[in-house]
Amino acid sequence: MSQPAPPEPDTDVSAPETWAPEAFEAPDYYALDDLLSDEAKALRDEVRTFVTEEVAPIIEEHAQRAEFPRHLIPAFARRGLLGPTIPAEYGGGGHSSVVYGLMMQELERGDSGLRSFCSVTGSLVMYPIWRYGTEAQKERWLPALANGEAIGCFGLTEPNVGSNPADMQTRARREGDAWVLDGHKRWSTNATMADVAVIWAKDEEDIVRGFLVETDRAGVTTPPIDDTWSLRAAVTSEVVLDDVRVPEAARLPDAKGLKGPLSCLTQARYGICWGAIGAAMACYDAARQHAQNREQFGQPIGGFQLMQERLVDMVQEITKAQLLNWRLGTLKDAGTMRPQQVSLAKRNNCQTALEVARSARQMLGGNGVTSMYPVMRHMNNLESVVTYEGTHEIHTLIVGEDVTGEKAFV
Ligand code: TGC
Ligand code: FAD
């Protein structure tokens, strides 16, 4: 007698979907939207849609393969993400600092590495050219960087010099009409794919100078740093300068002393303050959606008090950071923001984002360690974000000096 065929095995072993990027609901607990102009909201929403439609579907795979999604550069340019505050006459967006912040927030909701690309382009390459460069340097580089035809990088950190750039070893010596650069920069975002590097070096009088070094000049090499667990969808590299000759026209004439590179950091740190909270918003929202859709013990886990406490902690800290960012942005737009105020926000917001990511990761249970969810990628990215542009400790010491008048770096 023939037996009935056994039931087909259930081959769909994927976990039930409890999260979808298009179901994102931005946390805005204190109605901060009411404080934004219609134009600012429209520009923010354009980046928000771009991230949902064009970044979210591809970013996990790029991060897994450790590949920067280079095909997105023209889209960054079209949305004004490359140099948002640089005046429009040089190809920049000519936007307010609040708009710049909102754009970085939305972009980093997608991935910190994409925000890094744009931060470096706008704040660490275009800003010093605009602030310290000649008219010829501005015309040559700014429009090309703004439209994504040229890529830039910033070389301040060295293998043995990170938190204390005053100790930099890279040298620039004058030879007739030219300068000769020798040194080794490390951790330079974008460098392997860059056309131009903003290099900071000490001259023969120990004064820090800035140079625009084309990366195809003899003596420049940019080996990638490949072995990272963080910012895997971004490019980070060394920049080795071996007797590199550049003309006097490559020097940024108005940058003299450490204030030159540090002033660029203020611009980039400002964008990071907003960006980190974008990553936190993404993690919070994934946890919120999961809490509503995942059931254990016969009910959604969002119905458990301990899960609610995690979500409330996240909303509370994100809301405080959003208010901090908005106020920082209005101070910056008024021209009264101080670098120490940026340090306080960078310190707070990176820590907040990391804590939100870690808590969200735990709410996702086992699947939270996979790329089904964006959270572990954000969490690993944030380990770089809390370190670069000044570590948590360095920003503590900057604010500590500001409130006491005492330097405590040594
Ligand atoms: P100090 O004596 O305090 O200052 C020297 C001169 O610079 C001025 N200044 C600033 N100006 C603008 N913005 C700032 N944030 C400034 N900080 C200081 C200062 O007023 C002074 O001017 P003047 O006219 O008196 O000469 O300098 P110091 O040597 O004591 O250093 C202070 C310290 C430790 C806070 C500084 O070195 C520092 O911030 N260290 C951290 C290094 C850092 O953040 N490196 C970042 C590298 S770039 C990067 O990470 C890019 S990641 C990009 C990405 O992928 O997104
Ligand atoms: P260190 O300075 O060696 O610090 C190690 C530890 O000591 C930290 O915990 C620090 O807080 C602590 N510490 C140091 N000094 C003190 C002190 N006085 N008191 C108390 N604690 C202290 N740099 C660039 O120039 N351009 C870039 O584009 C760039 N991109 C980056 C991208 C990535 C992914 C990363 C990870 C880094 C990047 N950086 C870049 C470098 C970054 O800015 C440095 O890593 C950072 O400034 C810290 O320097 P460091 O790594 O040498 O650490």
# chains A, B, ... in the order shown; residues from 1 in each chain; ligands from 1
$ closest_atom_pairs --of "chain A" --to "ligand 2" --cutoff "7 Å" --atoms "only C-alpha atoms and all ligand atoms" --output "tab-separated table"
residue	atom	partner	partner_atom_place_in_ligand_line	distance
A:Val120	CA	ligand 2	28 (O)	6.6
A:Cys153	CA	ligand 2	28 (O)	6.2
A:Phe154	CA	ligand 2	26 (N)	4.9
A:Gly155	CA	ligand 2	25 (O)	4.3
A:Leu156	CA	ligand 2	25 (O)	3.5
A:Thr157	CA	ligand 2	25 (O)	3.8
A:Pro159	CA	ligand 2	52 (O)	6.8
A:Asn160	CA	ligand 2	52 (O)	6.4
A:Val161	CA	ligand 2	52 (O)	5.4
A:Gly162	CA	ligand 2	52 (O)	3.2
A:Ser163	CA	ligand 2	2 (O)	3.6
A:Asn164	CA	ligand 2	2 (O)	6.4
A:Arg186	CA	ligand 2	23 (N)	6.6
A:Trp187	CA	ligand 2	38 (C)	4.4
A:Ser188	CA	ligand 2	28 (O)	3.6
A:Thr189	CA	ligand 2	28 (O)	3.8
A:Ser230	CA	ligand 2	34 (C)	6.9
A:Leu231	CA	ligand 2	34 (C)	6.2
A:Thr236	CA	ligand 2	32 (C)	5.9
A:Ser384	CA	ligand 2	36 (C)	4.6
A:Thr387	CA	ligand 2	46 (C)	5.4
A:Tyr388	CA	ligand 2	43 (O)	3.7
A:Glu389	CA	ligand 2	43 (O)	4.6
A:Gly390	CA	ligand 2	47 (O)	4.7
A:Thr391	CA	ligand 2	11 (O)	4.8
A:His392	CA	ligand 2	11 (O)	6.0
A:Glu393	CA	ligand 2	11 (O)	4.4
A:Ile394	CA	ligand 2	11 (O)	5.6
A:Phe409	CA	ligand 2	18 (N)	3.8
A:Val410	CA	ligand 2	18 (N)	5.4
$ select_by_dssp --residues "segment 120-338 of chain A" --states "helix (DSSP H, G or I)" --output "JSON, numbers by chain"
{"A": [120, 121, 122, 123, 124, 125, 126, 127, 128, 129, 130, 131, 132, 135, 136, 137, 138, 139, 140, 141, 142, 143, 144, 145, 146, 165, 166, 167, 191, 192, 193, 248, 249, 250, 259, 260, 261, 262, 263, 264, 265, 266, 267, 268, 269, 270, 271, 272, 273, 274, 275, 276, 277, 278, 279, 280, 281, 282, 283, 284, 285, 286, 287, 288, 289, 290, 291, 292, 293, 301, 302, 303, 305, 306, 307, 308, 309, 310, 311, 312, 313, 314, 315, 316, 317, 318, 319, 320, 321, 322, 323, 324, 325, 326, 327, 328, 329, 330, 331, 332, 333, 334]}
$ residues_around --residues "Glu406 of chain A" --least-positions-apart "6" --cutoff "10 Å" --atoms "only C-alpha atoms" --output "ChimeraX atom specification"
/A:397-398,400
$ closest_residue --among "A:Leu328, A:Val240, A:Val125, A:Val315" --to "ligand 1" --atoms "only C-alpha atoms and all ligand atoms"
A:Val125
$ residues_around --residues "Pro223 of chain A" --least-positions-apart "3" --cutoff "10 Å" --atoms "only C-alpha atoms" --output "list in words"
Arg186, Ala191, Thr192, Val220, Asp226, Thr236, Ser237, Glu238, Val239 and Val240 of chain A
$ write_last_selection --atoms "N, CA and C atoms" --output "PDB file, in the first residue's frame"
ATOM      1  N   ARG A 186      48.136  58.701   8.731  1.00  0.00           N
ATOM      2  CA  ARG A 186      47.386  57.442   8.883  1.00  0.00           C
ATOM      3  C   ARG A 186      45.932  57.773   9.182  1.00  0.00           C
ATOM      4  N   ALA A 191      41.272  58.394   1.302  1.00  0.00           N
ATOM      5  CA  ALA A 191      42.544  58.694   0.630  1.00  0.00           C
ATOM      6  C   ALA A 191      42.817  57.818  -0.592  1.00  0.00           C
ATOM      7  N   THR A 192      42.536  56.507  -0.491  1.00  0.00           N
ATOM      8  CA  THR A 192      42.884  55.637  -1.614  1.00  0.00           C
ATOM      9  C   THR A 192      42.168  56.035  -2.890  1.00  0.00           C
ATOM     10  N   VAL A 220      53.783  60.081  -3.719  1.00  0.00           N
ATOM     11  CA  VAL A 220      52.574  59.904  -2.891  1.00  0.00           C
ATOM     12  C   VAL A 220      52.040  58.482  -3.077  1.00  0.00           C
ATOM     13  N   ASP A 226      42.634  47.902   5.498  1.00  0.00           N
ATOM     14  CA  ASP A 226      41.528  47.001   5.132  1.00  0.00           C
ATOM     15  C   ASP A 226      40.952  46.196   6.286  1.00  0.00           C
ATOM     16  N   THR A 236      39.333  53.969   4.203  1.00  0.00           N
ATOM     17  CA  THR A 236      40.277  54.629   5.120  1.00  0.00           C
ATOM     18  C   THR A 236      41.681  54.160   4.760  1.00  0.00           C
ATOM     19  N   SER A 237      42.634  55.080   4.783  1.00  0.00           N
ATOM     20  CA  SER A 237      43.941  54.741   4.217  1.00  0.00           C
ATOM     21  C   SER A 237      45.080  55.445   4.937  1.00  0.00           C
ATOM     22  N   GLU A 238      46.261  55.017   4.560  1.00  0.00           N
ATOM     23  CA  GLU A 238      47.482  55.734   4.917  1.00  0.00           C
ATOM     24  C   GLU A 238      47.758  56.731   3.791  1.00  0.00           C
ATOM     25  N   VAL A 239      48.538  57.755   4.084  1.00  0.00           N
ATOM     26  CA  VAL A 239      49.066  58.614   3.017  1.00  0.00           C
ATOM     27  C   VAL A 239      50.564  58.730   3.285  1.00  0.00           C
ATOM     28  N   VAL A 240      51.354  58.153   2.398  1.00  0.00           N
ATOM     29  CA  VAL A 240      52.805  58.199   2.584  1.00  0.00           C
ATOM     30  C   VAL A 240      53.369  59.241   1.625  1.00  0.00           C
TER      31      VAL A 240
END
$ residues_around --residues "Pro261 of chain A" --least-positions-apart "6" --cutoff "8 Å" --atoms "only C-alpha atoms" --output "PyMOL selection string"
chain A and resi 128+156+200+210
$ closest_residue --among "A:Met314, A:Ile272, A:Met337, A:Ala357" --to "ligand 1" --atoms "only C-alpha atoms and all ligand atoms"
A:Ile272
$ closest_residue --among "A:Gln322, A:Ser263, A:Thr170, A:Thr222" --to "Asn190 of chain A" --atoms "only C-alpha atoms"
A:Thr222
$ atom_distance --atom1 "atom CA of Tyr127 of chain A" --atom2 "atom CA of Ala282 of chain A"
28.5 Å
$ residues_around --residues "Ala234 of chain A" --least-positions-apart "4" --cutoff "10 Å" --atoms "only C-alpha atoms" --output "PyMOL selection string"
chain A and resi 62-63+66-70+111-117+189-190+230+381
$ select_by_dssp --residues "segment 125-198 of chain A" --states "strand (DSSP E or B)" --output "list in words"
Gly152, Cys153, Phe154, Gly155, Glu158, Val161, Arg171, Ala172, Arg173, Arg174, Glu175, Ala178, Trp179, Val180, Leu181, Asp182, Gly183, His184, Lys185, Arg186, Trp187, Ser188, Thr189, Val196, Ala197 and Val198 of chain A
$ residues_around --residues "Leu181 of chain A" --least-positions-apart "2" --cutoff "10 Å" --atoms "only C-alpha atoms" --output "list in words"
Thr170, Arg171, Ala172, Arg173, Arg174, Ala178, Trp179, Gly183, His184, Ile199, Trp200, Ala201, Lys202, Asp203, Phe211, Val213, Gly219, Val220, Val240, Leu241, Asp242, Asp243, Val244, Arg245 and Val246 of chain A
$ closest_residue --among "A:Ala408, A:Leu324, A:Ala268, A:Met104" --to "Leu32 of chain A" --atoms "only C-alpha atoms"
A:Leu324
$ decode --residues "segment 6-109 of chain A" --atoms "C-alpha atoms" --output "JSON list (two decimals), in the first residue's frame"
[["chain", "number", "residue", "atom", "x", "y", "z"],
["A", 6, "PRO", "CA", 5.45, 13.33, 3.54],
["A", 7, "PRO", "CA", 4.70, 17.02, 3.88],
["A", 8, "GLU", "CA", 7.12, 19.29, 2.09],
["A", 9, "PRO", "CA", 9.70, 20.57, 4.57],
["A", 10, "ASP", "CA", 9.34, 24.23, 5.40],
["A", 11, "THR", "CA", 12.31, 25.60, 3.49],
["A", 12, "ASP", "CA", 11.64, 29.19, 4.52],
["A", 13, "VAL", "CA", 13.93, 29.29, 7.51],
["A", 14, "SER", "CA", 14.38, 33.06, 7.44],
["A", 15, "ALA", "CA", 13.25, 34.82, 10.57],
["A", 16, "PRO", "CA", 9.92, 36.61, 10.49],
["A", 17, "GLU", "CA", 10.34, 40.20, 9.39],
["A", 18, "THR", "CA", 9.90, 42.60, 12.28],
["A", 19, "TRP", "CA", 11.49, 45.65, 10.71],
["A", 20, "ALA", "CA", 11.31, 47.49, 7.39],
["A", 21, "PRO", "CA", 13.27, 50.62, 6.45],
["A", 22, "GLU", "CA", 10.24, 52.14, 4.71],
["A", 23, "ALA", "CA", 8.27, 51.93, 7.99],
["A", 24, "PHE", "CA", 10.76, 54.35, 9.63],
["A", 25, "GLU", "CA", 9.12, 56.87, 11.96],
["A", 26, "ALA", "CA", 11.49, 59.66, 12.98],
["A", 27, "PRO", "CA", 11.40, 60.25, 16.72],
["A", 28, "ASP", "CA", 10.42, 63.90, 17.34],
["A", 29, "TYR", "CA", 9.09, 63.79, 20.87],
["A", 30, "TYR", "CA", 9.33, 67.53, 21.51],
["A", 31, "ALA", "CA", 7.99, 68.63, 18.12],
["A", 32, "LEU", "CA", 11.31, 70.06, 16.95],
["A", 33, "ASP", "CA", 9.89, 70.12, 13.44],
["A", 34, "ASP", "CA", 7.94, 73.21, 14.53],
["A", 35, "LEU", "CA", 11.27, 75.04, 14.89],
["A", 36, "LEU", "CA", 12.41, 74.29, 11.34],
["A", 37, "SER", "CA", 11.66, 76.29, 8.22],
["A", 38, "ASP", "CA", 9.67, 74.63, 5.44],
["A", 39, "GLU", "CA", 12.79, 74.73, 3.28],
["A", 40, "ALA", "CA", 14.90, 72.99, 5.95],
["A", 41, "LYS", "CA", 12.27, 70.28, 6.35],
["A", 42, "ALA", "CA", 12.02, 69.78, 2.59],
["A", 43, "LEU", "CA", 15.81, 69.41, 2.22],
["A", 44, "ARG", "CA", 15.94, 67.02, 5.16],
["A", 45, "ASP", "CA", 13.07, 64.95, 3.82],
["A", 46, "GLU", "CA", 14.74, 64.69, 0.43],
["A", 47, "VAL", "CA", 17.79, 63.08, 2.06],
["A", 48, "ARG", "CA", 15.50, 60.93, 4.25],
["A", 49, "THR", "CA", 13.75, 59.53, 1.18],
["A", 50, "PHE", "CA", 17.05, 59.04, -0.62],
["A", 51, "VAL", "CA", 18.38, 57.01, 2.31],
["A", 52, "THR", "CA", 15.26, 54.85, 2.51],
["A", 53, "GLU", "CA", 15.06, 54.23, -1.23],
["A", 54, "GLU", "CA", 18.67, 54.15, -2.39],
["A", 55, "VAL", "CA", 20.90, 53.52, 0.63],
["A", 56, "ALA", "CA", 18.99, 51.08, 2.84],
["A", 57, "PRO", "CA", 18.55, 48.42, 0.12],
["A", 58, "ILE", "CA", 22.29, 48.19, -0.64],
["A", 59, "ILE", "CA", 24.24, 49.26, 2.41],
["A", 60, "GLU", "CA", 24.40, 46.00, 4.38],
["A", 61, "GLU", "CA", 25.83, 44.17, 1.39],
["A", 62, "HIS", "CA", 28.42, 46.87, 0.78],
["A", 63, "ALA", "CA", 29.42, 46.80, 4.44],
["A", 64, "GLN", "CA", 29.68, 43.00, 4.37],
["A", 65, "ARG", "CA", 31.92, 43.22, 1.28],
["A", 66, "ALA", "CA", 33.86, 46.19, 2.74],
["A", 67, "GLU", "CA", 33.05, 48.28, -0.33],
["A", 68, "PHE", "CA", 32.25, 51.98, -0.51],
["A", 69, "PRO", "CA", 29.14, 52.44, -2.71],
["A", 70, "ARG", "CA", 30.90, 54.73, -5.15],
["A", 71, "HIS", "CA", 27.91, 54.78, -7.51],
["A", 72, "LEU", "CA", 26.11, 57.00, -4.94],
["A", 73, "ILE", "CA", 28.53, 59.95, -5.32],
["A", 74, "PRO", "CA", 26.51, 61.64, -8.12],
["A", 75, "ALA", "CA", 23.38, 61.29, -5.97],
["A", 76, "PHE", "CA", 25.21, 62.93, -3.02],
["A", 77, "ALA", "CA", 26.15, 65.79, -5.35],
["A", 78, "ARG", "CA", 22.61, 66.21, -6.70],
["A", 79, "ARG", "CA", 21.23, 66.47, -3.16],
["A", 80, "GLY", "CA", 23.82, 69.07, -2.12],
["A", 81, "LEU", "CA", 25.49, 66.74, 0.39],
["A", 82, "LEU", "CA", 28.99, 67.70, -0.79],
["A", 83, "GLY", "CA", 29.73, 71.10, 0.74],
["A", 84, "PRO", "CA", 26.25, 72.07, 2.00],
["A", 85, "THR", "CA", 27.43, 75.34, 3.60],
["A", 86, "ILE", "CA", 30.00, 76.33, 0.95],
["A", 87, "PRO", "CA", 28.70, 79.34, -1.01],
["A", 88, "ALA", "CA", 26.77, 78.53, -4.17],
["A", 89, "GLU", "CA", 29.21, 80.56, -6.33],
["A", 90, "TYR", "CA", 31.76, 77.76, -5.74],
["A", 91, "GLY", "CA", 29.27, 74.96, -6.33],
["A", 92, "GLY", "CA", 28.31, 74.45, -2.68],
["A", 93, "GLY", "CA", 24.77, 74.39, -1.30],
["A", 94, "GLY", "CA", 24.94, 77.79, 0.42],
["A", 95, "HIS", "CA", 22.73, 76.33, 3.16],
["A", 96, "SER", "CA", 22.46, 77.20, 6.83],
["A", 97, "SER", "CA", 24.26, 75.14, 9.46],
["A", 98, "VAL", "CA", 20.93, 73.76, 10.69],
["A", 99, "VAL", "CA", 20.25, 72.41, 7.19],
["A", 100, "TYR", "CA", 23.79, 70.99, 7.02],
["A", 101, "GLY", "CA", 23.17, 69.24, 10.34],
["A", 102, "LEU", "CA", 19.81, 67.84, 9.28],
["A", 103, "MET", "CA", 21.36, 66.48, 6.08],
["A", 104, "MET", "CA", 24.14, 64.73, 8.02],
["A", 105, "GLN", "CA", 21.59, 63.34, 10.48],
["A", 106, "GLU", "CA", 19.57, 61.77, 7.68],
["A", 107, "LEU", "CA", 22.60, 60.48, 5.80],
["A", 108, "GLU", "CA", 24.06, 58.81, 8.88],
["A", 109, "ARG", "CA", 20.70, 57.17, 9.50]]
